[in-house]
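With PDB, C-alpha atoms inside, this is model.pdb:
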```
MODEL        1
ATOM      1  CA  MET F 212     -43.999  54.482  17.494
ATOM      2  CA  GLN F 213     -44.583  52.371  20.590
ATOM      3  CA  ARG F 214     -41.704  50.030  21.413
ATOM      4  CA  ARG F 215     -42.368  46.368  22.413
ATOM      5  CA  THR F 216     -41.815  45.850  26.089
ATOM      6  CA  VAL F 217     -39.295  43.372  27.447
ATOM      7  CA  ALA F 218     -42.112  41.401  29.071
ATOM      8  CA  ASN F 219     -43.862  40.943  25.726
ATOM      9  CA  GLU F 220     -40.612  39.743  24.132
ATOM     10  CA  GLU F 221     -40.075  37.213  26.912
ATOM     11  CA  GLY F 222     -43.651  35.979  26.584
ATOM     12  CA  TRP F 223     -43.182  35.410  22.852
ATOM     13  CA  LEU F 224     -39.967  33.492  23.470
ATOM     14  CA  LEU F 225     -41.614  31.295  26.087
ATOM     15  CA  SER F 226     -44.484  30.446  23.723
ATOM     16  CA  TYR F 227     -42.028  29.534  20.997
ATOM     17  CA  ALA F 228     -40.059  27.335  23.406
ATOM     18  CA  ASP F 229     -43.264  25.567  24.472
ATOM     19  CA  LEU F 230     -44.118  24.915  20.822
ATOM     20  CA  ILE F 231     -40.699  23.402  20.125
ATOM     21  CA  THR F 232     -40.941  21.238  23.253
ATOM     22  CA  ASN F 233     -44.372  19.928  22.248
ATOM     23  CA  LEU F 234     -43.129  19.152  18.745
ATOM     24  CA  LEU F 235     -40.166  17.221  20.142
ATOM     25  CA  VAL F 236     -42.475  15.220  22.424
ATOM     26  CA  PHE F 237     -44.776  14.485  19.476
ATOM     27  CA  PHE F 238     -41.936  13.236  17.275
ATOM     28  CA  ALA F 239     -40.570  11.149  20.144
ATOM     29  CA  MET F 240     -43.980   9.481  20.460
ATOM     30  CA  LEU F 241     -44.046   8.790  16.711
ATOM     31  CA  LEU F 242     -40.579   7.276  16.877
ATOM     32  CA  GLY F 243     -41.564   5.106  19.805
ATOM     33  CA  ALA F 244     -44.624   3.850  17.939
ATOM     34  CA  ALA F 245     -42.490   3.030  14.903
ATOM     35  CA  GLU F 246     -40.250   0.840  17.078
ATOM     36  CA  ILE F 247     -43.145  -1.421  18.092
ATOM     37  CA  SER F 248     -42.871  -4.644  16.130
ATOM     38  CA  ARG F 249     -45.726  -6.445  14.424
ATOM     39  CA  SER F 250     -45.692  -9.195  17.024
ATOM     40  CA  ARG F 251     -45.967  -6.681  19.857
ATOM     41  CA  MET F 252     -48.829  -4.875  18.105
ATOM     42  CA  GLN F 253     -50.635  -8.202  17.789
ATOM     43  CA  GLN F 254     -50.146  -8.888  21.479
ATOM     44  CA  ILE F 255     -51.530  -5.448  22.375
ATOM     45  CA  ALA F 256     -54.540  -5.921  20.074
ATOM     46  CA  ALA F 257     -55.238  -9.347  21.554
ATOM     47  CA  GLU F 258     -55.025  -8.000  25.100
ATOM     48  CA  LEU F 259     -57.403  -5.129  24.301
ATOM     49  CA  SER F 260     -59.966  -7.223  22.433
ATOM     50  CA  GLY F 261     -59.695 -10.401  24.471
ATOM     51  CA  VAL F 262     -59.762 -12.361  21.208
ATOM     52  CA  GLU F 263     -56.714 -14.021  19.654
ATOM     53  CA  ALA F 264     -56.458 -13.353  15.915
ATOM     54  CA  PRO F 265     -56.368 -16.709  14.110
ATOM     55  CA  ALA F 266     -53.245 -15.828  12.104
ATOM     56  CA  SER F 267     -51.273 -14.123  14.873
ATOM     57  CA  LEU F 268     -47.753 -15.125  15.800
ATOM     58  CA  ALA F 269     -49.027 -16.225  19.200
ATOM     59  CA  SER F 270     -51.546 -18.598  17.624
ATOM     60  CA  ILE F 271     -48.851 -19.988  15.293
ATOM     61  CA  GLN F 272     -46.669 -20.607  18.342
ATOM     62  CA  GLU F 273     -49.496 -22.468  20.073
ATOM     63  CA  GLU F 274     -50.023 -24.663  17.011
ATOM     64  CA  ILE F 275     -46.323 -25.474  16.733
ATOM     65  CA  GLU F 276     -45.986 -26.114  20.470
ATOM     66  CA  ALA F 277     -48.879 -28.584  20.253
ATOM     67  CA  ARG F 278     -47.168 -30.329  17.322
ATOM     68  CA  ILE F 279     -43.861 -30.452  19.218
ATOM     69  CA  GLU F 280     -45.535 -32.076  22.213
ATOM     70  CA  GLN F 281     -47.487 -34.492  20.010
ATOM     71  CA  GLU F 282     -44.348 -35.622  18.173
ATOM     72  CA  GLY F 283     -42.124 -35.638  21.268
ATOM     73  CA  LEU F 284     -39.710 -33.096  19.779
ATOM     74  CA  GLU F 285     -39.016 -31.012  22.880
ATOM     75  CA  GLU F 286     -35.264 -31.571  22.530
ATOM     76  CA  MET F 287     -35.222 -30.760  18.813
ATOM     77  CA  ILE F 288     -37.306 -27.602  18.452
ATOM     78  CA  PHE F 289     -37.739 -24.630  20.786
ATOM     79  CA  THR F 290     -40.036 -21.656  20.238
ATOM     80  CA  ASP F 291     -39.775 -18.106  21.521
ATOM     81  CA  LEU F 292     -42.076 -15.155  20.800
ATOM     82  CA  THR F 293     -40.140 -11.872  20.924
ATOM     83  CA  ASP F 294     -40.441  -8.338  19.600
ATOM     84  CA  GLU F 295     -38.394  -9.539  16.606
ATOM     85  CA  GLY F 296     -40.975 -12.191  15.732
ATOM     86  CA  LEU F 297     -41.643 -15.852  16.431
ATOM     87  CA  LYS F 298     -38.454 -17.916  16.566
ATOM     88  CA  LEU F 299     -38.265 -21.663  15.916
ATOM     89  CA  SER F 300     -34.845 -22.860  17.029
ATOM     90  CA  LEU F 301     -33.765 -26.185  15.547
ATOM     91  CA  ASN F 302     -31.172 -28.137  17.508
ATOM     92  CA  SER F 303     -28.352 -28.486  14.950
ATOM     93  CA  GLY F 304     -26.905 -31.469  16.813
ATOM     94  CA  LEU F 305     -30.053 -33.453  16.053
ATOM     95  CA  VAL F 306     -30.770 -32.067  12.576
ATOM     96  CA  PHE F 307     -27.193 -32.197  11.192
ATOM     97  CA  ASP F 308     -24.157 -34.386  11.645
ATOM     98  CA  SER F 309     -21.128 -32.687  13.208
ATOM     99  CA  GLY F 310     -19.430 -30.313  10.773
ATOM    100  CA  SER F 311     -22.060 -30.988   8.088
ATOM    101  CA  ALA F 312     -24.811 -28.903   6.471
ATOM    102  CA  LEU F 313     -26.750 -31.924   5.182
ATOM    103  CA  ILE F 314     -30.018 -32.534   7.016
ATOM    104  CA  ARG F 315     -30.122 -36.042   8.403
ATOM    105  CA  THR F 316     -32.344 -38.248   6.265
ATOM    106  CA  GLU F 317     -34.303 -39.533   9.246
ATOM    107  CA  GLN F 318     -35.142 -35.959  10.291
ATOM    108  CA  GLU F 319     -36.328 -34.643   6.923
ATOM    109  CA  SER F 320     -39.967 -35.755   7.185
ATOM    110  CA  VAL F 321     -40.268 -34.509  10.769
ATOM    111  CA  LEU F 322     -38.762 -31.148   9.855
ATOM    112  CA  ASP F 323     -40.943 -30.787   6.758
ATOM    113  CA  SER F 324     -44.058 -31.559   8.774
ATOM    114  CA  MET F 325     -43.162 -28.832  11.255
ATOM    115  CA  LEU F 326     -42.316 -26.257   8.575
ATOM    116  CA  ARG F 327     -45.489 -27.040   6.628
ATOM    117  CA  THR F 328     -47.407 -25.561   9.556
ATOM    118  CA  LEU F 329     -46.134 -22.138   8.452
ATOM    119  CA  VAL F 330     -47.363 -22.294   4.833
ATOM    120  CA  PRO F 331     -50.851 -20.746   5.361
ATOM    121  CA  TYR F 332     -49.440 -17.582   6.909
ATOM    122  CA  GLY F 333     -48.660 -15.642   3.747
ATOM    123  CA  GLN F 334     -48.694 -12.252   5.466
ATOM    124  CA  TYR F 335     -45.358 -13.013   7.117
ATOM    125  CA  ASP F 336     -41.762 -13.070   5.932
ATOM    126  CA  PHE F 337     -39.076 -15.471   7.124
ATOM    127  CA  ALA F 338     -35.432 -15.218   8.107
ATOM    128  CA  VAL F 339     -33.385 -18.391   8.490
ATOM    129  CA  GLU F 340     -30.443 -17.812  10.836
ATOM    130  CA  GLY F 341     -27.509 -20.210  11.171
ATOM    131  CA  HIS F 342     -25.629 -20.274  14.503
ATOM    132  CA  THR F 343     -22.716 -22.333  15.813
ATOM    133  CA  ASP F 344     -20.897 -22.684  19.115
ATOM    134  CA  SER F 345     -17.500 -21.078  19.739
ATOM    135  CA  GLN F 346     -15.475 -24.235  19.123
ATOM    136  CA  PRO F 347     -13.253 -24.567  16.026
ATOM    137  CA  ILE F 348     -14.446 -26.601  13.066
ATOM    138  CA  SER F 349     -13.844 -30.324  13.574
ATOM    139  CA  PRO F 350     -10.873 -31.736  11.603
ATOM    140  CA  GLY F 351     -13.054 -34.030   9.500
ATOM    141  CA  SER F 352     -15.271 -31.226   8.221
ATOM    142  CA  SER F 353     -15.013 -29.841   4.696
ATOM    143  CA  TYR F 354     -15.681 -26.328   6.039
ATOM    144  CA  LYS F 355     -12.922 -23.863   6.812
ATOM    145  CA  SER F 356     -14.898 -21.725   9.239
ATOM    146  CA  ASN F 357     -18.048 -21.637  11.345
ATOM    147  CA  TRP F 358     -19.244 -18.738   9.180
ATOM    148  CA  GLU F 359     -19.503 -20.982   6.130
ATOM    149  CA  LEU F 360     -21.042 -23.820   8.110
ATOM    150  CA  SER F 361     -23.721 -21.615   9.714
ATOM    151  CA  ALA F 362     -24.677 -20.070   6.354
ATOM    152  CA  ASP F 363     -24.923 -23.441   4.598
ATOM    153  CA  ARG F 364     -27.038 -24.932   7.380
ATOM    154  CA  ALA F 365     -29.385 -21.953   7.135
ATOM    155  CA  ASN F 366     -29.549 -22.441   3.359
ATOM    156  CA  ALA F 367     -30.389 -26.124   3.851
ATOM    157  CA  VAL F 368     -33.372 -25.218   6.042
ATOM    158  CA  ARG F 369     -34.376 -22.530   3.556
ATOM    159  CA  GLY F 370     -34.497 -25.275   0.921
ATOM    160  CA  ARG F 371     -36.904 -27.276   3.075
ATOM    161  CA  LEU F 372     -39.110 -24.181   3.528
ATOM    162  CA  GLU F 373     -39.314 -23.771  -0.237
ATOM    163  CA  LEU F 374     -39.971 -27.491  -0.654
ATOM    164  CA  VAL F 375     -43.050 -27.373   1.587
ATOM    165  CA  GLY F 376     -44.470 -24.401  -0.321
ATOM    166  CA  ILE F 377     -43.080 -21.118   1.022
ATOM    167  CA  GLY F 378     -41.866 -18.813  -1.748
ATOM    168  CA  GLY F 379     -38.146 -18.084  -1.806
ATOM    169  CA  GLU F 380     -38.807 -14.354  -2.224
ATOM    170  CA  ARG F 381     -40.219 -14.352   1.315
ATOM    171  CA  ILE F 382     -37.123 -15.967   2.861
ATOM    172  CA  ARG F 383     -33.750 -14.455   3.641
ATOM    173  CA  VAL F 384     -30.720 -16.340   4.944
ATOM    174  CA  GLU F 385     -28.259 -15.125   7.583
ATOM    175  CA  GLY F 386     -25.120 -16.896   8.861
ATOM    176  CA  TYR F 387     -23.894 -15.666  12.255
ATOM    177  CA  ALA F 388     -21.389 -18.360  13.328
ATOM    178  CA  ASP F 389     -20.917 -17.857  17.115
ATOM    179  CA  THR F 390     -21.496 -14.081  17.220
ATOM    180  CA  ILE F 391     -25.007 -14.208  18.749
ATOM    181  CA  THR F 392     -25.108 -16.129  22.013
ATOM    182  CA  LEU F 393     -28.191 -17.179  23.920
ATOM    183  CA  PRO F 394     -29.169 -15.334  27.130
ATOM    184  CA  ASP F 395     -27.697 -16.874  30.276
ATOM    185  CA  GLU F 396     -31.141 -17.315  31.830
ATOM    186  CA  THR F 397     -32.117 -19.750  29.049
ATOM    187  CA  LEU F 398     -29.068 -21.916  29.827
ATOM    188  CA  GLU F 399     -29.379 -22.177  33.608
ATOM    189  CA  GLY F 400     -28.772 -25.642  34.981
ATOM    190  CA  LEU F 401     -27.068 -26.911  31.816
ATOM    191  CA  SER F 402     -23.576 -28.358  31.687
ATOM    192  CA  GLU F 403     -20.926 -26.774  29.457
ATOM    193  CA  THR F 404     -21.462 -29.504  26.856
ATOM    194  CA  GLU F 405     -25.213 -28.866  26.891
ATOM    195  CA  ARG F 406     -24.649 -25.107  26.644
ATOM    196  CA  LEU F 407     -22.481 -25.518  23.557
ATOM    197  CA  ALA F 408     -25.057 -27.851  22.018
ATOM    198  CA  ARG F 409     -27.861 -25.330  22.597
ATOM    199  CA  HIS F 410     -25.849 -22.630  20.795
ATOM    200  CA  ARG F 411     -25.586 -24.865  17.724
ATOM    201  CA  ARG F 412     -28.923 -24.044  16.154
ATOM    202  CA  VAL F 413     -30.761 -22.906  13.044
ATOM    203  CA  VAL F 414     -33.477 -20.369  13.795
ATOM    204  CA  VAL F 415     -36.478 -19.844  11.553
ATOM    205  CA  ARG F 416     -37.765 -16.378  12.448
ATOM    206  CA  ILE F 417     -41.259 -15.374  11.365
ATOM    207  CA  TYR F 418     -41.891 -11.628  11.348
TER
ENDMDL
END
```

Using structure tokens, write down the structure from this file.
Amino acid sequence: MQRRTVANEEGWLLSYADLITNLLVFFAMLLGAAEISRSRMQQIAAELSGVEAPASLASIQEEIEARIEQEGLEEMIFTDLTDEGLKLSLNSGLVFDSGSALIRTEQESVLDSMLRTLVPYGQYDFAVEGHTDSQPISPGSSYKSNWELSADRANAVRGRLELVGIGGERIRVEGYADTITLPDETLEGLSETERLARHRRVVVRIY
């Protein structure tokens, strides 16, 4: 019986190693593709086709930005399109009284008008995130912690989303207190008071 040569054994091992390497590269590519968010996929599709899909997150942002400019709400609502979705950040200092989760009466119609813009986009889900600054709860507040306050403010905005026609099963609520801060580059040129105010926000995230 002829014995396999050492060279043949080494060749077989090299082929097997190449196969394993290719498989690892393939799975890494699959994992990378899975990490691409819906918003990023829409951006890629738009760039390739040269045509903006009418129901894309980017087109929703354009519509909301136009409404913000029309209503003069630049200090109340900020938008940001990220890989996590389209974020509408509501300035809590203008929407709520200090230490309160009740939406100011004079802001309800403005807020509802803005949120109603989102109703036609049934292919998306919504997360309402409550955020506070790092300062302790004011003495006159009925809340014991910023955690409770942030969650209740998010729930209040969720209620307005449902009121304008977005199903509650599509909305989740998250209270973060002061655990998620804004990037420093978005706060450049602001005083400490203005920085704290910007951190006090309720974010409606569309994804």

For the file shown, what are the residues hit by the PyMOL selection byres ((chain F and resi 408) around 12), laid out as a count of residues only? 31

Would you work out the distance separating atom CA of Ala269 of chain F from atom CA of Asp323 of chain F, expressed in Å to one decimal? 20.8 Å

Would you list the residues near (-40.7, -18.4, 20.6) (no more than 9 Å away, in the coordinates of the file, using all atoms listed in the file) as an MDAnalysis selection string? chainID F and resid 269 272 289:293 296:300 416

With all atoms listed in the file counted, which protein, DNA or RNA residues have an atom no more than 7 Å from (-18.7, -23.7, 10.8) in the file frame? Please answer as a ChimeraX atom specification. /F:310,343,348,354,356-361,388

Gap from atom CA of Asp308 of chain F to atom CA of Lys355 of chain F - Å, one decimal: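 Calculated distance between atom CA of Asp308 of chain F and atom CA of Lys355 of chain F is 16.1 Å.
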
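The spacing separating atom CA of Glu317 of chain F from atom CA of Val368 of chain F amounts to 14.7 Å.
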
Minimum-distance residue to Leu329 of chain F, chosen among F:Leu268, F:Ala367, F:Val414, F:Ala312 (using all atoms listed in the file): F:Leu268

Given all atoms listed in the file as the counted atoms, nearest of F:Thr397, F:Ser320, F:Asn366, F:Thr328 to Ala277 of chain F: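 Closest to Ala277 of chain F of all the choices is F:Thr328.
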
Rank F:Gln334, F:Glu399, F:Glu380, F:Val339 by their smallest atom-to-atom distance to Ser267 of chain F, using all atoms listed in the file, and report the top residue only.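 Result for the nearest residue to Ser267 of chain F: F:Gln334.
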
Near-segment 382-386 of chain F list (6 Å; all atoms listed in the file; drop same-chain fewer than 5 positions) as a PyMOL selection string: chain F and resi 337-341+361-362

Provide an axis-aligned box for all listed atoms of segment 400-403 of chain F, padding each side by 3 Å; report its centre and its edge lengths in Å to one decimal, as AutoDock Vina command-line options.
```
--center_x -24.8 --center_y -27.0 --center_z 32.2 --size_x 13.8 --size_y 8.7 --size_z 11.5
```

Written record: segment 334-411 of chain F, C-alpha atoms, as a short mmCIF file (atom, residue, chain, number, x, y, z; two decimals), in the first residue's frame:
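New file out_23.cif:
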```cif
data_model
loop_
_atom_site.label_atom_id
_atom_site.label_comp_id
_atom_site.auth_asym_id
_atom_site.auth_seq_id
_atom_site.Cartn_x
_atom_site.Cartn_y
_atom_site.Cartn_z
CA GLN F 334 -44.06 51.07 8.41
CA TYR F 335 -42.13 52.56 11.32
CA ASP F 336 -42.10 51.98 15.06
CA PHE F 337 -41.54 54.65 17.71
CA ALA F 338 -39.57 54.92 20.93
CA VAL F 339 -40.23 57.83 23.27
CA GLU F 340 -37.17 58.53 25.43
CA GLY F 341 -37.24 60.75 28.52
CA HIS F 342 -34.00 62.51 29.53
CA THR F 343 -33.10 64.94 32.31
CA ASP F 344 -30.04 66.93 33.30
CA SER F 345 -27.77 65.86 36.17
CA GLN F 346 -29.25 68.24 38.73
CA PRO F 347 -31.33 66.93 41.66
CA ILE F 348 -35.10 67.15 41.54
CA SER F 349 -36.35 70.61 42.55
CA PRO F 350 -37.81 70.79 46.09
CA GLY F 351 -41.29 71.69 44.85
CA SER F 352 -41.60 68.63 42.62
CA SER F 353 -43.74 65.63 43.51
CA TYR F 354 -41.10 63.31 42.02
CA LYS F 355 -38.47 61.58 44.11
CA SER F 356 -35.98 61.00 41.31
CA ASN F 357 -35.10 62.02 37.76
CA TRP F 358 -35.80 58.43 36.71
CA GLU F 359 -39.49 58.79 37.54
CA LEU F 360 -39.69 62.25 36.01
CA SER F 361 -38.05 61.19 32.72
CA ALA F 362 -40.33 58.14 32.39
CA ASP F 363 -43.50 60.13 33.08
CA ARG F 364 -42.55 62.85 30.60
CA ALA F 365 -41.96 60.17 27.96
CA ASN F 366 -45.35 58.65 28.80
CA ALA F 367 -46.99 62.07 28.42
CA VAL F 368 -45.60 62.43 24.90
CA ARG F 369 -46.61 58.85 24.14
CA GLY F 370 -50.16 59.85 25.07
CA ARG F 371 -50.06 62.68 22.54
CA LEU F 372 -48.79 60.27 19.85
CA GLU F 373 -51.74 57.98 20.51
CA LEU F 374 -54.10 60.96 20.54
CA VAL F 375 -53.08 62.02 17.02
CA GLY F 376 -53.59 58.50 15.68
CA ILE F 377 -50.48 56.37 16.20
CA GLY F 378 -51.28 52.96 17.69
CA GLY F 379 -49.90 52.29 21.16
CA GLU F 380 -48.60 48.88 20.07
CA ARG F 381 -46.09 50.70 17.85
CA ILE F 382 -44.73 52.87 20.69
CA ARG F 383 -42.39 51.96 23.51
CA VAL F 384 -41.38 54.24 26.38
CA GLU F 385 -37.91 54.54 27.91
CA GLY F 386 -36.83 56.71 30.88
CA TYR F 387 -33.09 57.39 31.04
CA ALA F 388 -32.81 60.25 33.59
CA ASP F 389 -29.32 61.76 33.05
CA THR F 390 -27.54 58.58 31.90
CA ILE F 391 -27.34 59.49 28.18
CA THR F 392 -25.63 62.81 27.58
CA LEU F 393 -25.46 64.71 24.32
CA PRO F 394 -22.19 64.78 22.33
CA ASP F 395 -19.94 67.71 23.21
CA GLU F 396 -19.86 68.90 19.60
CA THR F 397 -23.62 69.56 19.70
CA LEU F 398 -23.18 71.81 22.76
CA GLU F 399 -20.29 73.98 21.58
CA GLY F 400 -20.69 77.65 22.35
CA LEU F 401 -23.43 77.11 24.94
CA SER F 402 -23.25 78.27 28.53
CA GLU F 403 -23.55 75.75 31.38
CA THR F 404 -27.19 76.76 31.90
CA GLU F 405 -27.92 76.25 28.21
CA ARG F 406 -26.11 72.89 28.24
CA LEU F 407 -28.23 71.65 31.13
CA ALA F 408 -31.38 72.87 29.39
CA ARG F 409 -30.46 71.01 26.18
CA HIS F 410 -30.04 67.77 28.14
CA ARG F 411 -33.59 68.10 29.47
#
```
